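For reference, run04.cif is printed below; it contains mmCIF, C-alpha atoms.
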data_entry
loop_
_atom_site.label_atom_id
_atom_site.label_comp_id
_atom_site.auth_asym_id
_atom_site.auth_seq_id
_atom_site.Cartn_x
_atom_site.Cartn_y
_atom_site.Cartn_z
CA MET H 28 92.86 66.18 116.86
CA ASP H 29 96.65 66.31 117.02
CA LEU H 30 98.96 64.79 114.45
CA LEU H 31 99.88 61.79 116.61
CA LEU H 32 96.23 60.84 117.14
CA ALA H 33 95.55 61.28 113.40
CA VAL H 34 98.43 58.90 112.60
CA GLU H 35 97.12 56.41 115.17
CA VAL H 36 93.59 56.58 113.71
CA GLY H 37 95.06 56.08 110.22
CA LEU H 38 96.98 53.00 111.39
CA VAL H 39 93.92 51.54 113.15
CA ALA H 40 91.83 52.15 110.02
CA ALA H 41 94.50 50.41 107.92
CA VAL H 42 94.49 47.36 110.24
CA ALA H 43 90.65 47.34 110.21
CA ALA H 44 90.71 47.44 106.40
CA VAL H 45 93.28 44.61 106.19
CA LEU H 46 91.13 42.42 108.46
CA GLY H 47 87.91 43.44 106.72
CA SER H 48 89.34 42.88 103.28
CA MET H 49 90.67 39.41 104.18
CA LEU H 50 87.32 38.40 105.65
CA GLY H 51 85.06 40.19 103.17
CA LEU H 52 83.37 42.07 106.03
CA GLY H 53 84.34 45.67 105.28
CA GLY H 54 86.36 47.77 107.71
CA GLY H 55 83.44 49.26 109.67
CA VAL H 56 82.93 46.15 111.79
CA PHE H 57 86.40 46.64 113.29
CA LEU H 58 86.79 50.42 112.93
CA VAL H 59 83.90 51.66 115.09
CA PRO H 60 84.56 49.45 118.15
CA ILE H 61 88.33 50.07 118.10
CA LEU H 62 87.91 53.86 117.82
CA THR H 63 85.30 53.81 120.55
CA LEU H 64 87.00 51.41 122.96
CA PHE H 65 90.67 52.33 122.60
CA PHE H 66 90.61 56.00 121.54
CA GLY H 67 87.62 57.17 123.55
CA ILE H 68 86.06 58.70 120.43
CA ASP H 69 82.33 59.51 120.59
CA PRO H 70 80.61 56.42 119.08
CA LYS H 71 78.38 58.66 116.94
CA LEU H 72 81.40 60.38 115.35
CA ALA H 73 82.95 56.92 114.82
CA VAL H 74 79.73 55.70 113.12
CA GLY H 75 79.64 58.81 110.87
CA ALA H 76 83.30 58.37 109.88
CA SER H 77 82.77 54.67 109.27
CA ALA H 78 79.78 55.32 106.98
CA VAL H 79 81.88 57.65 104.77
CA VAL H 80 84.75 55.16 104.75
CA VAL H 81 82.50 52.18 103.90
CA ALA H 82 80.88 54.14 101.04
CA THR H 83 84.30 55.06 99.59
CA ASN H 84 85.59 51.51 100.03
CA SER H 85 82.54 50.28 98.12
CA VAL H 86 83.22 52.71 95.25
CA VAL H 87 86.79 51.38 94.92
CA GLY H 88 85.86 47.70 95.44
CA SER H 89 82.93 47.77 93.00
CA THR H 90 85.12 48.65 90.04
CA VAL H 91 86.74 45.20 90.20
CA HIS H 92 83.43 43.33 90.53
CA LEU H 93 81.76 45.40 87.77
CA LYS H 94 84.58 44.59 85.37
CA SER H 95 83.90 40.86 85.89
CA HIS H 96 80.09 41.40 85.84
CA PHE H 97 79.81 39.75 89.28
CA THR H 98 77.56 42.67 90.35
CA ASN H 99 73.87 42.05 89.58
CA LEU H 100 72.59 45.60 89.01
CA ARG H 101 68.89 44.66 88.97
CA LEU H 102 69.19 42.69 92.22
CA ALA H 103 71.20 45.53 93.82
CA THR H 104 68.51 48.04 92.77
CA LEU H 105 65.75 45.88 94.25
CA PHE H 106 67.68 45.51 97.51
CA LEU H 107 68.47 49.23 97.68
CA LEU H 108 64.73 49.97 97.86
CA THR H 109 64.67 48.30 101.28
CA THR H 110 68.26 48.61 102.55
CA ALA H 111 68.54 52.35 101.82
CA ALA H 112 65.17 53.01 103.49
CA GLY H 113 66.23 50.81 106.41
CA ALA H 114 69.57 52.63 106.68
CA ILE H 115 67.88 56.04 106.84
CA VAL H 116 65.52 54.82 109.55
CA GLY H 117 68.47 53.21 111.40
CA ALA H 118 70.60 56.35 111.09
CA ARG H 119 67.78 58.53 112.45
CA ILE H 120 67.40 56.16 115.39
CA GLY H 121 71.18 55.91 115.92
CA VAL H 122 72.01 59.60 115.71
CA ASP H 123 69.60 60.42 118.58
CA ALA H 124 69.95 57.16 120.53
CA ASP H 125 71.57 56.68 123.90
CA VAL H 126 75.24 55.74 123.33
CA ARG H 127 74.82 52.63 125.49
CA LEU H 128 72.04 51.36 123.18
CA LEU H 129 74.36 51.78 120.17
CA LEU H 130 77.21 49.95 121.90
CA GLY H 131 74.87 47.16 123.01
CA VAL H 132 73.47 46.63 119.49
CA PHE H 133 77.00 46.72 118.08
CA ALA H 134 78.09 44.07 120.61
CA VAL H 135 75.26 41.77 119.45
CA VAL H 136 76.14 42.30 115.75
CA LEU H 137 79.82 41.51 116.45
CA LEU H 138 78.77 38.40 118.36
CA TYR H 139 76.67 37.30 115.36
CA ALA H 140 79.63 37.97 113.01
CA ALA H 141 81.97 35.97 115.27
CA VAL H 142 79.59 33.01 115.55
CA SER H 143 78.89 33.04 111.80
CA MET H 144 82.65 32.81 111.20
CA ILE H 145 83.04 29.84 113.53
CA VAL H 146 79.91 28.01 112.36
CA LYS H 147 80.31 28.91 108.71
CA PRO H 148 77.79 27.26 106.38
CA GLU H 149 79.31 26.01 103.17
CA ALA H 150 79.07 28.57 100.36
CA ARG H 151 77.20 27.13 97.39
CA ASN H 152 77.47 27.94 93.72
CA TRP H 153 73.85 27.62 92.63
CA GLU H 154 73.29 27.39 88.90
CA VAL H 155 70.12 27.11 86.82
CA PRO H 156 69.37 26.25 83.19
CA PRO H 157 69.61 29.38 81.01
CA ASP H 158 65.87 29.16 80.20
CA ALA H 159 64.72 28.95 83.86
CA PRO H 160 61.63 31.04 84.76
CA ASP H 161 62.59 34.52 85.98
CA PRO H 162 59.42 36.35 87.14
CA TYR H 163 61.24 39.44 88.49
CA HIS H 164 63.83 39.67 85.67
CA LEU H 165 66.63 39.33 88.23
CA GLY H 166 68.49 36.47 86.52
CA ALA H 167 72.05 37.18 85.43
CA THR H 168 75.13 35.56 83.98
CA TYR H 169 78.86 36.06 84.38
CA HIS H 170 82.00 34.30 83.28
CA ASP H 171 83.69 32.56 86.20
CA PRO H 172 87.44 32.26 85.49
CA ALA H 173 87.82 29.62 88.25
CA ALA H 174 85.04 27.41 86.84
CA GLY H 175 86.11 28.16 83.28
CA HIS H 176 82.55 28.68 82.01
CA GLU H 177 79.58 31.03 82.18
CA ILE H 178 77.48 30.89 85.36
CA ALA H 179 73.73 31.55 85.00
CA TYR H 180 71.44 32.03 87.99
CA VAL H 181 67.99 33.30 88.94
CA PRO H 182 67.56 34.58 92.53
CA GLU H 183 64.81 32.83 94.53
CA ARG H 184 62.75 33.87 97.60
CA VAL H 185 63.03 37.50 96.51
CA PRO H 186 60.39 39.05 98.86
CA ALA H 187 61.97 37.35 101.89
CA GLY H 188 65.44 38.55 100.85
CA ALA H 189 64.16 42.11 100.41
CA ALA H 190 62.54 42.04 103.86
CA ILE H 191 65.78 40.87 105.50
CA GLY H 192 67.54 43.62 103.50
CA ALA H 193 65.41 46.22 105.32
CA ALA H 194 66.56 44.84 108.69
CA ALA H 195 70.19 44.79 107.51
CA GLY H 196 69.75 48.41 106.41
CA VAL H 197 68.51 49.45 109.86
CA ILE H 198 71.57 47.84 111.49
CA SER H 199 73.85 49.40 108.89
CA GLY H 200 72.33 52.85 109.49
CA MET H 201 72.57 52.60 113.26
CA LEU H 202 76.14 51.34 113.36
CA GLY H 203 77.82 52.70 110.21
CA VAL H 204 78.75 49.22 108.97
CA GLY H 205 78.15 48.05 105.42
CA GLY H 206 75.77 45.19 106.12
CA GLY H 207 77.64 42.72 103.90
CA VAL H 208 77.99 40.40 106.89
CA VAL H 209 74.20 39.86 106.66
CA MET H 210 73.55 40.34 102.94
CA VAL H 211 76.14 37.94 101.49
CA PRO H 212 74.76 34.88 103.36
CA VAL H 213 71.18 35.98 102.61
CA MET H 214 71.90 36.16 98.88
CA ASN H 215 74.00 33.00 98.75
CA LEU H 216 72.12 30.66 101.08
CA LEU H 217 68.53 31.97 101.00
CA MET H 218 68.25 33.39 97.46
CA ARG H 219 70.63 30.93 95.78
CA VAL H 220 72.84 33.58 94.18
CA PRO H 221 76.33 32.16 93.48
CA MET H 222 79.05 33.36 95.88
CA LYS H 223 80.81 35.69 93.44
CA GLY H 224 77.49 37.23 92.45
CA SER H 225 76.56 37.66 96.13
CA VAL H 226 79.85 39.35 97.06
CA GLY H 227 79.91 41.56 93.93
CA THR H 228 76.31 42.70 94.46
CA SER H 229 76.87 43.24 98.20
CA VAL H 230 80.04 45.33 97.73
CA TYR H 231 78.16 47.63 95.32
CA MET H 232 75.02 48.05 97.40
CA VAL H 233 76.68 48.60 100.81
CA GLY H 234 78.15 51.81 99.38
CA MET H 235 74.70 53.15 98.50
CA THR H 236 73.34 52.03 101.88
CA SER H 237 76.21 53.72 103.74
CA VAL H 238 75.64 56.95 101.81
CA ALA H 239 72.12 57.08 103.22
CA THR H 240 73.67 56.85 106.70
CA ALA H 241 76.48 59.30 105.93
CA PHE H 242 74.11 62.05 104.68
CA THR H 243 71.97 61.72 107.82
CA TYR H 244 75.05 62.01 110.08
CA TYR H 245 76.45 64.89 107.97
CA ALA H 246 73.20 66.85 108.28
CA ARG H 247 73.34 66.38 112.08
CA GLY H 248 76.96 67.63 112.34
CA LYS H 249 78.30 64.18 113.21
CA ILE H 250 80.97 64.03 110.50
CA ASP H 251 84.39 65.00 111.93
CA PRO H 252 86.89 65.66 109.08
CA THR H 253 89.86 65.25 111.46
CA LEU H 254 88.63 61.67 111.98
CA VAL H 255 87.35 60.93 108.47
CA VAL H 256 90.53 62.03 106.62
CA PRO H 257 93.04 59.74 108.43
CA ALA H 258 90.45 56.91 108.43
CA LEU H 259 89.96 57.26 104.64
CA ILE H 260 93.71 57.25 103.99
CA GLY H 261 94.25 54.29 106.35
CA VAL H 262 91.40 52.26 104.87
CA PHE H 263 92.58 52.87 101.33
CA VAL H 264 96.16 51.76 102.14
CA GLY H 265 94.91 48.84 104.27
CA GLY H 266 92.44 47.73 101.61
CA GLN H 267 95.23 47.53 99.01
CA LEU H 268 97.44 45.57 101.45
CA GLY H 269 94.55 43.32 102.46
CA SER H 270 93.66 42.37 98.88
CA ARG H 271 97.31 41.42 98.25
CA LEU H 272 97.54 39.45 101.51
CA THR H 273 94.29 37.63 100.69
CA ARG H 274 95.94 36.16 97.61
CA ARG H 275 98.90 34.86 99.67
CA VAL H 276 97.29 33.82 102.95
CA ARG H 277 94.42 31.38 103.30
CA ALA H 278 91.99 33.64 105.17
CA GLN H 279 89.79 30.63 105.99
CA ARG H 280 92.54 29.30 108.26
CA LEU H 281 92.65 32.61 110.11
CA SER H 282 88.89 32.89 110.48
CA ARG H 283 88.84 31.40 113.99
CA LEU H 284 91.50 33.85 115.16
CA PHE H 285 89.52 36.74 113.68
CA ALA H 286 86.35 35.35 115.28
CA LEU H 287 88.15 35.54 118.65
CA ILE H 288 89.06 39.20 117.97
CA LEU H 289 85.39 39.93 117.16
CA LEU H 290 84.29 38.10 120.32
CA TYR H 291 86.75 40.14 122.39
CA LEU H 292 85.51 43.41 120.86
CA SER H 293 81.91 42.31 121.41
CA LEU H 294 82.49 41.53 125.10
CA SER H 295 84.41 44.80 125.58
CA LEU H 296 81.49 46.73 124.07
CA LEU H 297 79.06 44.89 126.34
CA VAL H 298 81.18 45.86 129.37
CA ARG H 299 81.11 49.51 128.21
CA THR H 300 77.36 49.25 127.62
CA PHE H 301 76.90 48.60 131.33
CA GLY H 302 79.03 51.64 132.15
CA ILE H 303 82.09 49.74 133.39
CA PRO H 304 85.27 51.62 132.34
CA LEU H 305 87.91 49.57 130.55
CA PRO H 306 91.44 50.02 131.99
CA TRP H 307 93.09 50.50 128.57
CA SER H 308 90.58 52.95 127.09
CA ARG H 309 91.31 56.68 126.84
CA MET D 18 81.41 41.16 77.54
CA SER D 19 81.69 43.92 74.97
CA ASP D 20 84.24 46.70 74.99
CA HIS D 21 81.72 49.53 74.71
CA ARG D 22 82.93 53.07 75.28
CA PRO D 23 82.02 54.11 78.85
CA THR D 24 79.91 57.06 77.69
CA ASP D 25 77.86 55.05 75.19
CA LEU D 26 74.75 53.64 76.90
CA ARG D 27 73.31 52.07 73.71
CA PRO D 28 72.84 48.29 73.93
CA PRO D 29 75.32 46.25 71.85
CA THR D 30 74.31 44.10 68.86
CA PRO D 31 72.75 40.87 70.28
CA ASP D 32 74.40 37.49 69.72
CA PRO D 33 71.72 35.21 68.08
CA THR D 34 73.16 32.07 69.74
CA ALA D 35 73.06 33.41 73.30
CA SER D 36 70.52 32.37 75.99
CA PRO D 37 67.73 34.80 77.09
CA LEU D 38 69.53 35.39 80.40
CA HIS D 39 72.79 36.11 78.62
CA LEU D 40 71.06 38.45 76.16
CA ARG D 41 69.44 40.40 78.98
CA GLN D 42 72.82 40.64 80.71
CA GLN D 43 74.50 41.69 77.45
CA GLU D 44 72.05 44.58 77.09
CA LEU D 45 73.56 46.01 80.26
CA ASP D 46 77.21 45.81 79.08
CA PRO D 47 77.40 49.55 78.29
CA VAL D 48 75.91 50.39 81.69
CA TYR D 49 78.56 48.27 83.44
CA ALA D 50 81.33 50.03 81.48
CA ALA D 51 79.92 53.51 82.13
CA LEU D 52 79.34 52.76 85.82
CA ARG D 53 82.88 51.50 86.25
CA ALA D 54 84.28 54.63 84.59
CA LEU D 55 82.10 56.82 86.84
CA LEU D 56 83.29 55.08 90.02
CA VAL D 57 86.97 55.15 88.99
CA TRP D 58 86.90 58.86 88.09
CA GLY D 59 84.63 59.71 91.01
CA PHE D 60 87.15 58.22 93.40
CA ARG D 61 90.10 59.89 91.65
CA ILE D 62 88.47 63.33 91.83
CA GLY D 63 87.57 62.80 95.50
CA ALA D 64 91.11 61.66 96.36
CA ALA D 65 92.59 64.64 94.49
CA LEU D 66 90.31 67.08 96.38
CA LEU D 67 91.25 65.43 99.68
CA LEU D 68 94.98 65.70 98.95
CA LEU D 69 94.50 69.32 97.87
CA GLY D 70 92.74 70.12 101.14
CA ILE D 71 95.44 68.42 103.22
CA ALA D 72 98.19 70.24 101.27
CA LEU D 73 96.40 73.59 101.71
CA SER D 74 96.07 72.94 105.44
CA ALA D 75 99.77 72.06 105.69
CA VAL D 76 100.90 75.12 103.70
CA THR D 77 98.64 77.70 105.36
CA GLY D 78 98.72 76.14 108.84
CA GLU D 79 94.91 76.27 108.92
CA PRO D 80 93.61 73.41 111.10
CA LEU D 81 90.74 71.21 109.85
CA HIS D 82 87.40 71.65 111.63
CA GLN D 83 86.15 68.99 114.04
CA ALA D 84 82.70 69.11 112.44
CA ALA D 85 82.03 69.37 108.71
CA ASP D 86 80.44 72.66 107.63
CA PRO D 87 76.69 72.60 106.82
CA PHE D 88 75.93 71.86 103.14
CA ARG D 89 75.23 75.53 102.27
CA ASP D 90 78.56 76.76 103.73
CA VAL D 91 80.86 74.36 101.86
CA VAL D 92 81.04 76.09 98.46
CA PRO D 93 81.60 79.60 99.95
CA ALA D 94 84.43 78.13 102.08
CA VAL D 95 86.01 76.55 98.99
CA LEU D 96 85.73 79.83 97.05
CA ALA D 97 87.40 81.60 100.00
CA GLY D 98 90.33 79.17 99.64
CA LYS D 99 89.77 77.53 103.05
CA ALA D 100 91.46 74.13 103.48
CA ALA D 101 88.59 72.94 105.69
CA GLY D 102 86.12 73.82 102.91
CA VAL D 103 88.09 71.80 100.34
CA VAL D 104 88.24 68.78 102.68
CA ASP D 105 84.48 69.06 103.35
CA LEU D 106 83.89 69.21 99.59
CA ALA D 107 86.05 66.08 99.13
CA ILE D 108 84.03 64.21 101.76
CA LEU D 109 80.73 65.36 100.24
CA TRP D 110 81.95 64.44 96.75
CA LEU D 111 82.93 60.92 97.90
CA MET D 112 79.45 60.59 99.48
CA THR D 113 77.82 61.79 96.24
CA VAL D 114 79.58 59.36 93.87
CA PRO D 115 77.31 56.39 94.82
CA VAL D 116 74.27 58.66 94.28
CA LEU D 117 75.57 59.53 90.79
CA ALA D 118 75.95 55.79 90.22
CA VAL D 119 72.25 55.23 90.97
CA ILE D 120 71.34 58.05 88.53
CA LEU D 121 73.51 56.47 85.83
CA VAL D 122 72.01 53.01 86.41
CA ALA D 123 68.49 54.50 86.22
CA ALA D 124 69.39 56.13 82.88
CA GLY D 125 70.89 52.85 81.66
CA PHE D 126 67.75 50.85 82.50
CA ALA D 127 65.60 53.52 80.78
CA ARG D 128 67.87 53.44 77.72
CA ILE D 129 67.32 49.69 77.22
CA GLY D 130 63.58 50.02 77.93
CA ASP D 131 63.66 48.22 81.29
CA TRP D 132 61.17 50.62 82.89
CA ARG D 133 60.52 48.44 85.91
CA TYR D 134 64.09 48.85 87.16
CA ALA D 135 64.40 52.42 85.84
CA VAL D 136 61.45 53.37 88.07
CA ALA D 137 62.90 51.33 90.97
CA SER D 138 66.24 53.20 90.63
CA ALA D 139 64.39 56.54 90.53
CA LEU D 140 62.57 55.58 93.73
CA VAL D 141 65.91 54.69 95.41
CA LEU D 142 67.02 58.23 94.52
CA ALA D 143 63.75 59.62 95.88
CA THR D 144 64.41 57.75 99.15
CA LEU D 145 67.90 59.29 99.42
CA ALA D 146 66.54 62.75 98.55
CA ALA D 147 63.75 62.42 101.12
CA SER D 148 66.33 61.56 103.78
CA THR D 149 67.96 64.98 103.35
CA LEU D 150 64.89 67.07 102.48
CA VAL D 151 62.29 65.79 104.96
CA THR D 152 63.76 66.66 108.33
CA GLY D 153 60.80 65.89 110.62
CA LYS D 154 61.58 62.54 112.23
CA GLY D 155 58.18 60.81 112.07
CA ALA D 156 57.11 62.40 108.75
CA GLY D 157 60.51 61.70 107.19
CA ILE D 158 60.44 58.03 108.10
CA ALA D 159 56.82 57.68 106.88
CA VAL D 160 57.69 59.26 103.49
CA ILE D 161 60.73 56.98 103.10
CA VAL D 162 58.79 53.82 103.97
CA VAL D 163 56.01 54.74 101.47
CA ILE D 164 58.53 55.38 98.65
CA SER D 165 60.27 52.09 99.43
CA ALA D 166 56.95 50.17 99.43
CA VAL D 167 55.92 51.71 96.08
CA GLY D 168 59.29 50.70 94.63
CA LEU D 169 58.98 47.13 95.86
CA ALA D 170 55.44 46.89 94.49
CA THR D 171 56.70 48.19 91.10
CA VAL D 172 59.29 45.42 90.88
CA LEU D 173 57.31 42.56 92.42
CA ALA D 174 54.01 43.31 90.65
CA GLY D 175 55.64 42.33 87.35
CA ARG D 176 55.50 38.74 88.54
CA HIS D 177 51.74 38.48 88.00
CA ARG D 178 51.88 39.97 84.49
CA LYS D 179 54.70 37.65 83.42
CA GLY D 180 53.67 34.58 85.44
#
Output the file's structure in the form of structure tokens.
Amino acid sequence: MDLLLAVEVGLVAAVAAVLGSMLGLGGGVFLVPILTLFFGIDPKLAVGASAVVVATNSVVGSTVHLKSHFTNLRLATLFLLTTAAGAIVGARIGVDADVRLLLGVFAVVLLYAAVSMIVKPEARNWEVPPDAPDPYHLGATYHDPAAGHEIAYVPERVPAGAAIGAAAGVISGMLGVGGGVVMVPVMNLLMRVPMKGSVGTSVYMVGMTSVATAFTYYARGKIDPTLVVPALIGVFVGGQLGSRLTRRVRAQRLSRLFALILLYLSLSLLVRTFGIPLPWSR
Amino acid sequence: MSDHRPTDLRPPTPDPTASPLHLRQQELDPVYAALRALLVWGFRIGAALLLLGIALSAVTGEPLHQAADPFRDVVPAVLAGKAAGVVDLAILWLMTVPVLAVILVAAGFARIGDWRYAVASALVLATLAASTLVTGKGAGIAVIVVISAVGLATVLAGRHRKG
């Protein structure tokens, strides 16, 4: 990879991280399709690079959530039993799969992400009495600075959440994305975990899930350092910029615009899935 | 939230007025502090290794490889002063930090006597280890699914004892 292409990949990764950070999706959702569609990079190398980047992003992002105790370590551990296993299965399918299958599945996931941004269910802050029954010992508390008091919650429908986690893991392993786009709504809407707890737990566990993918791709020689290094630098710079922009810009107002970008990427991937060359791709 | 030292995994002194949920959360305070320190320093070391590799590549004019070296070749390449080896080590280190986090969390759960989640964390590690050690596709997936199912049963079975 020449220097110019490395700089371009770094810039694309930075833009992907800004968008991902503002939307809470993680950069992988944007990174893999852009690298594949516009730079002509082998989708499997893009997935491998994305998995390393998502894992590193999770390491950095988790430090903030851990400080505030938004991360529920017991819930994350329970989920990791299914998401990590799912990710390994997904990575083993993805690394040997036909490229068109990967692009097709990615197109469907992007379509889901776009639709979920347009038809966004209202996030709820579920709370329970501090002495509520907690059969799996998954209940947790944290101080919410916005609410000004301590939030206590006990996750519900745990087996169903864990089962969906396995499916999210398979998708994450196949595509090198974090899976937060599935896990945050599952935790918040299905399991009644408050939004900050859902995001904090998701950011922590997507790193572990992506590591399962990254090791599988590394062992198969699908990690390209000339791609990973500029992507890591770009995502780190973009993530910092994105978190600052999120404080200034109301990301909710931009969600429809971002949904259109995701729809466009989804349709472009579908076109590529059917073997039709895109005029602007390399 | 207590200001425990990151390396001290002992549970803090409980507050007698706190709710059971809060007390259980408070037991984990030292684990949160230690985990945060691990992730911060893990990232710093990885970033430093990455910058070192890039600087070595720039100084020696040695291009980076387009595929990372196999696991067994990374350390010899680093010892030989190869820029590509240092970059591979940085990437592997950044991939290993979350695994170290799971080990630390397992130790933290064991330290406070929460064996259910200590075992679950150990089984997450076993899943990750199986993914690299068991290379046969069908056998590997079967082993991983069995470990995952045992872990889930360990956590969910507690319901009947407590309920």
Step by step, work through what the PyMOL selection byres ((chain D) within 6 of (chain H)) selects in the shown file, and finish by giving those residues as a PyMOL selection string.
chain D and resi 36+38-39+42+53+56+83-85+112+115+141+161+165+176
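Protein and nucleic acid residues near (85.8, 36.0, 116.7) are Leu137, Leu138, Tyr139, Ala140, Ala141, Val142, Ser143, Met144, Ile145, Ser282, Arg283, Leu284, Phe285, Ala286, Leu287, Ile288, Leu289, Leu290, Tyr291, Leu292 and Ser293 of chain H, the criterion being any atom at most 10 Å away using only C-alpha atoms.
You will find atom CA of D:Ala101 at 5.0 Å from atom CA of D:Leu81.
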Counting all atoms listed in the file, what is within 8 Å of D:Leu45, bar same-chain residues fewer than 3 positions away, as a ChimeraX atom specification?
/D:28,41-42,48-49,125-126,129
Just say which residues the PyMOL selection byres ((chain H and resi 129) around 12) picks in this file, as a VMD selection string.
chain H and resid 59 to 60 63 69 to 71 73 to 74 117 to 118 120 to 128 130 to 136 198 to 203 296 to 297 299 to 301
Convert the current residue selection to file output with C-alpha atoms, as a CSV table (one decimal), keeping the file's coordinate frame.
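As written to disk, out.csv reads:
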chain,number,residue,atom,x,y,z
H,59,VAL,CA,83.9,51.7,115.1
H,60,PRO,CA,84.6,49.4,118.2
H,63,THR,CA,85.3,53.8,120.6
H,69,ASP,CA,82.3,59.5,120.6
H,70,PRO,CA,80.6,56.4,119.1
H,71,LYS,CA,78.4,58.7,116.9
H,73,ALA,CA,83.0,56.9,114.8
H,74,VAL,CA,79.7,55.7,113.1
H,117,GLY,CA,68.5,53.2,111.4
H,118,ALA,CA,70.6,56.4,111.1
H,120,ILE,CA,67.4,56.2,115.4
H,121,GLY,CA,71.2,55.9,115.9
H,122,VAL,CA,72.0,59.6,115.7
H,123,ASP,CA,69.6,60.4,118.6
H,124,ALA,CA,70.0,57.2,120.5
H,125,ASP,CA,71.6,56.7,123.9
H,126,VAL,CA,75.2,55.7,123.3
H,127,ARG,CA,74.8,52.6,125.5
H,128,LEU,CA,72.0,51.4,123.2
H,130,LEU,CA,77.2,50.0,121.9
H,131,GLY,CA,74.9,47.2,123.0
H,132,VAL,CA,73.5,46.6,119.5
H,133,PHE,CA,77.0,46.7,118.1
H,134,ALA,CA,78.1,44.1,120.6
H,135,VAL,CA,75.3,41.8,119.4
H,136,VAL,CA,76.1,42.3,115.8
H,198,ILE,CA,71.6,47.8,111.5
H,199,SER,CA,73.8,49.4,108.9
H,200,GLY,CA,72.3,52.8,109.5
H,201,MET,CA,72.6,52.6,113.3
H,202,LEU,CA,76.1,51.3,113.4
H,203,GLY,CA,77.8,52.7,110.2
H,296,LEU,CA,81.5,46.7,124.1
H,297,LEU,CA,79.1,44.9,126.3
H,299,ARG,CA,81.1,49.5,128.2
H,300,THR,CA,77.4,49.2,127.6
H,301,PHE,CA,76.9,48.6,131.3
